[in-house]
Amino acid sequence: MADSGASAEGLKVVIAYDGSANSENALDWYVKNVHKPGNSVTLIHVPELNDMLHSTKWANSVYVFDREVLEAMLKDEQQRIQKDLEKFADKLKSYGLGGKVKSVAAAKPGEGIIKECGSDVGLVVVGSRGLGAVRRTILGSVSDYVVHHSKCPVIVVKHDHHGHHEQQKKD
């Protein structure tokens, strides 16, 4: 019999989290609508290395491999990821959720999320950036990837446009 992701302790839940407003909205939605005592939450963070790869530090060494520059950039990136994970762990604590925060190396965020969804995960929650059909087709979508590759139920939480517009009106 297949494991459904539920156990005597509760449901094992993976929430894609990068600190953005969309992932924040997904976590808030989960806490308000799904969470039950005993559930175990894992915030999965898949760092995107685009900023590092497109850094101006590479501008002077396009044709020359500079090991020192590369090592310094990787160290900076590791420190940034560690700080992010600490902030995300504090976020879990602020909600009083039992669980953990995990960083996953992957070429694309969707792949990293699926990589961490073993047979014992019962639910995946992801935020949606609300891309239009054309942009989603060209750029791809993390939520689309997760929905199509997950072996357990996936909840895609749409961005709260109403609250966003209210905030704009106040500014």
# chains A, B, ... in the order shown; residues from 1 in each chain; ligands from 1
$ residues_around --residues "stretch 95-109 of chain A" --least-positions-apart "5" --cutoff "8 Å" --atoms "only C-alpha atoms" --output "ChimeraX atom specification"
/A:31,38-48,81,85,88-89,116,142
$ write_last_selection --atoms "N, CA and C atoms" --output "mmCIF file, in the first residue's frame"
data_model
loop_
_atom_site.group_PDB
_atom_site.id
_atom_site.type_symbol
_atom_site.label_atom_id
_atom_site.label_comp_id
_atom_site.auth_asym_id
_atom_site.auth_seq_id
_atom_site.Cartn_x
_atom_site.Cartn_y
_atom_site.Cartn_z
ATOM 1 N N VAL A 31 -1.222 28.217 6.582
ATOM 2 C CA VAL A 31 -1.441 28.331 8.027
ATOM 3 C C VAL A 31 -2.913 28.595 8.330
ATOM 4 N N GLY A 38 0.331 18.754 14.652
ATOM 5 C CA GLY A 38 0.916 17.462 14.289
ATOM 6 C C GLY A 38 1.461 17.432 12.872
ATOM 7 N N ASN A 39 1.029 18.363 12.018
ATOM 8 C CA ASN A 39 1.596 18.430 10.676
ATOM 9 C C ASN A 39 3.051 18.855 10.773
ATOM 10 N N SER A 40 3.857 18.352 9.873
ATOM 11 C CA SER A 40 5.267 18.720 9.806
ATOM 12 C C SER A 40 5.492 19.485 8.504
ATOM 13 N N VAL A 41 6.025 20.680 8.628
ATOM 14 C CA VAL A 41 6.221 21.549 7.474
ATOM 15 C C VAL A 41 7.703 21.652 7.152
ATOM 16 N N THR A 42 8.018 21.517 5.866
ATOM 17 C CA THR A 42 9.372 21.769 5.390
ATOM 18 C C THR A 42 9.295 22.888 4.367
ATOM 19 N N LEU A 43 9.978 23.991 4.671
ATOM 20 C CA LEU A 43 10.093 25.063 3.687
ATOM 21 C C LEU A 43 11.270 24.715 2.795
ATOM 22 N N ILE A 44 10.994 24.573 1.503
ATOM 23 C CA ILE A 44 12.037 24.236 0.535
ATOM 24 C C ILE A 44 12.457 25.514 -0.182
ATOM 25 N N HIS A 45 13.741 25.788 -0.132
ATOM 26 C CA HIS A 45 14.309 26.962 -0.799
ATOM 27 C C HIS A 45 15.278 26.471 -1.866
ATOM 28 N N VAL A 46 15.024 26.863 -3.110
ATOM 29 C CA VAL A 46 15.919 26.508 -4.204
ATOM 30 C C VAL A 46 16.563 27.808 -4.679
ATOM 31 N N PRO A 47 17.785 28.091 -4.216
ATOM 32 C CA PRO A 47 18.432 29.354 -4.594
ATOM 33 C C PRO A 47 18.645 29.432 -6.100
ATOM 34 N N GLU A 48 18.338 30.589 -6.640
ATOM 35 C CA GLU A 48 18.604 30.819 -8.055
ATOM 36 C C GLU A 48 19.946 31.519 -8.153
ATOM 37 N N ILE A 81 22.704 32.537 1.236
ATOM 38 C CA ILE A 81 21.751 31.435 1.378
ATOM 39 C C ILE A 81 21.571 31.093 2.858
ATOM 40 N N LEU A 85 18.099 31.149 4.961
ATOM 41 C CA LEU A 85 17.575 29.995 5.690
ATOM 42 C C LEU A 85 17.282 30.344 7.150
ATOM 43 N N PHE A 88 14.080 32.250 7.173
ATOM 44 C CA PHE A 88 12.948 31.369 6.904
ATOM 45 C C PHE A 88 12.629 30.520 8.133
ATOM 46 N N ALA A 89 13.662 30.077 8.858
ATOM 47 C CA ALA A 89 13.444 29.307 10.089
ATOM 48 C C ALA A 89 12.736 30.169 11.130
ATOM 49 N N GLU A 116 12.758 17.023 -3.566
ATOM 50 C CA GLU A 116 12.601 16.872 -2.117
ATOM 51 C C GLU A 116 11.262 16.270 -1.702
ATOM 52 N N VAL A 142 7.176 27.641 -12.223
ATOM 53 C CA VAL A 142 7.503 26.709 -11.145
ATOM 54 C C VAL A 142 6.254 25.942 -10.739
#
$ closest_residue --among "A:Val69, A:Lys93, A:Ser20, A:Asn25" --to "A:Val156" --atoms "only C-alpha atoms"
A:Asn25
$ select_by_dssp --residues "stretch 67-148 of chain A" --states "strand (DSSP E or B)" --output "PyMOL selection string"
chain A and resi 99-103+123-127
$ write_last_selection --atoms "all heavy atoms" --output "PDB file, in the first residue's frame"
ATOM      1  N   GLY A  99       8.739  21.917  12.104  1.00  0.00           N
ATOM      2  CA  GLY A  99       9.273  21.558  10.799  1.00  0.00           C
ATOM      3  C   GLY A  99      10.687  22.028  10.623  1.00  0.00           C
ATOM      4  O   GLY A  99      11.411  22.266  11.594  1.00  0.00           O
ATOM      5  N   LYS A 100      11.071  22.192   9.371  1.00  0.00           N
ATOM      6  CA  LYS A 100      12.448  22.576   9.070  1.00  0.00           C
ATOM      7  C   LYS A 100      12.501  23.393   7.786  1.00  0.00           C
ATOM      8  O   LYS A 100      11.522  23.467   7.040  1.00  0.00           O
ATOM      9  CB  LYS A 100      13.332  21.332   8.946  1.00  0.00           C
ATOM     10  CG  LYS A 100      12.888  20.365   7.861  1.00  0.00           C
ATOM     11  CD  LYS A 100      13.713  19.093   7.894  1.00  0.00           C
ATOM     12  CE  LYS A 100      13.153  18.091   6.883  1.00  0.00           C
ATOM     13  NZ  LYS A 100      13.861  16.841   6.909  1.00  0.00           N
ATOM     14  N   VAL A 101      13.671  23.968   7.565  1.00  0.00           N
ATOM     15  CA  VAL A 101      13.944  24.732   6.355  1.00  0.00           C
ATOM     16  C   VAL A 101      15.094  24.038   5.657  1.00  0.00           C
ATOM     17  O   VAL A 101      16.070  23.635   6.302  1.00  0.00           O
ATOM     18  CB  VAL A 101      14.328  26.186   6.705  1.00  0.00           C
ATOM     19  CG1 VAL A 101      14.672  26.966   5.460  1.00  0.00           C
ATOM     20  CG2 VAL A 101      13.213  26.864   7.466  1.00  0.00           C
ATOM     21  N   LYS A 102      14.965  23.894   4.352  1.00  0.00           N
ATOM     22  CA  LYS A 102      15.989  23.168   3.620  1.00  0.00           C
ATOM     23  C   LYS A 102      16.296  23.868   2.312  1.00  0.00           C
ATOM     24  O   LYS A 102      15.397  24.292   1.601  1.00  0.00           O
ATOM     25  CB  LYS A 102      15.486  21.748   3.340  1.00  0.00           C
ATOM     26  CG  LYS A 102      16.524  20.827   2.798  1.00  0.00           C
ATOM     27  CD  LYS A 102      16.014  19.402   2.792  1.00  0.00           C
ATOM     28  CE  LYS A 102      17.117  18.459   2.360  1.00  0.00           C
ATOM     29  NZ  LYS A 102      16.678  17.087   2.342  1.00  0.00           N
ATOM     30  N   SER A 103      17.584  23.992   2.012  1.00  0.00           N
ATOM     31  CA  SER A 103      18.030  24.539   0.739  1.00  0.00           C
ATOM     32  C   SER A 103      18.368  23.366  -0.174  1.00  0.00           C
ATOM     33  O   SER A 103      19.008  22.408   0.256  1.00  0.00           O
ATOM     34  CB  SER A 103      19.268  25.411   0.954  1.00  0.00           C
ATOM     35  OG  SER A 103      19.724  25.922  -0.268  1.00  0.00           O
ATOM     36  N   LEU A 123       1.477  16.687   0.856  1.00  0.00           N
ATOM     37  CA  LEU A 123       0.957  17.899   0.246  1.00  0.00           C
ATOM     38  C   LEU A 123       2.104  18.842  -0.078  1.00  0.00           C
ATOM     39  O   LEU A 123       3.044  18.975   0.702  1.00  0.00           O
ATOM     40  CB  LEU A 123      -0.008  18.603   1.212  1.00  0.00           C
ATOM     41  CG  LEU A 123      -0.611  19.925   0.754  1.00  0.00           C
ATOM     42  CD1 LEU A 123      -1.555  19.714  -0.436  1.00  0.00           C
ATOM     43  CD2 LEU A 123      -1.351  20.598   1.901  1.00  0.00           C
ATOM     44  N   VAL A 124       1.992  19.493  -1.246  1.00  0.00           N
ATOM     45  CA  VAL A 124       2.939  20.533  -1.639  1.00  0.00           C
ATOM     46  C   VAL A 124       2.147  21.817  -1.821  1.00  0.00           C
ATOM     47  O   VAL A 124       1.074  21.819  -2.425  1.00  0.00           O
ATOM     48  CB  VAL A 124       3.663  20.187  -2.962  1.00  0.00           C
ATOM     49  CG1 VAL A 124       4.615  21.306  -3.362  1.00  0.00           C
ATOM     50  CG2 VAL A 124       4.408  18.874  -2.852  1.00  0.00           C
ATOM     51  N   VAL A 125       2.679  22.923  -1.291  1.00  0.00           N
ATOM     52  CA  VAL A 125       2.044  24.231  -1.439  1.00  0.00           C
ATOM     53  C   VAL A 125       3.040  25.163  -2.116  1.00  0.00           C
ATOM     54  O   VAL A 125       4.184  25.277  -1.674  1.00  0.00           O
ATOM     55  CB  VAL A 125       1.627  24.820  -0.069  1.00  0.00           C
ATOM     56  CG1 VAL A 125       0.955  26.177  -0.251  1.00  0.00           C
ATOM     57  CG2 VAL A 125       0.709  23.854   0.678  1.00  0.00           C
ATOM     58  N   VAL A 126       2.606  25.797  -3.210  1.00  0.00           N
ATOM     59  CA  VAL A 126       3.449  26.749  -3.927  1.00  0.00           C
ATOM     60  C   VAL A 126       2.658  28.020  -4.191  1.00  0.00           C
ATOM     61  O   VAL A 126       1.435  27.984  -4.329  1.00  0.00           O
ATOM     62  CB  VAL A 126       3.988  26.184  -5.266  1.00  0.00           C
ATOM     63  CG1 VAL A 126       4.908  25.011  -5.042  1.00  0.00           C
ATOM     64  CG2 VAL A 126       2.865  25.803  -6.200  1.00  0.00           C
ATOM     65  N   GLY A 127       3.365  29.125  -4.263  1.00  0.00           N
ATOM     66  CA  GLY A 127       2.741  30.384  -4.648  1.00  0.00           C
ATOM     67  C   GLY A 127       2.744  30.514  -6.153  1.00  0.00           C
ATOM     68  O   GLY A 127       3.500  29.846  -6.850  1.00  0.00           O
TER      69      GLY A 127
END
$ atom_distance --atom1 "atom CA of A:Gly110" --atom2 "atom CA of A:Asn22"
14.8 Å
$ closest_residue --among "A:Ser94, A:Ala72, A:Ile155, A:Ser141" --to "A:Val34" --atoms "only C-alpha atoms"
A:Ile155
$ select_by_dssp --residues "stretch 71-103 of chain A" --states "alpha helix (DSSP H)" --output "list in words"
Glu71, Ala72, Met73, Leu74, Lys75, Asp76, Glu77, Gln78, Gln79, Arg80, Ile81, Gln82, Lys83, Asp84, Leu85, Glu86, Lys87, Phe88, Ala89, Asp90, Lys91, Leu92, Lys93, Ser94 and Tyr95 of chain A
$ closest_residue --among "A:Arg67, A:His149, A:Lys158, A:Lys91" --to "A:Gly112" --atoms "only C-alpha atoms"
A:His149
$ closest_residue --among "A:Asp18, A:Leu74, A:Tyr30, A:Arg129" --to "A:Val154" --atoms "only C-alpha atoms"
A:Tyr30
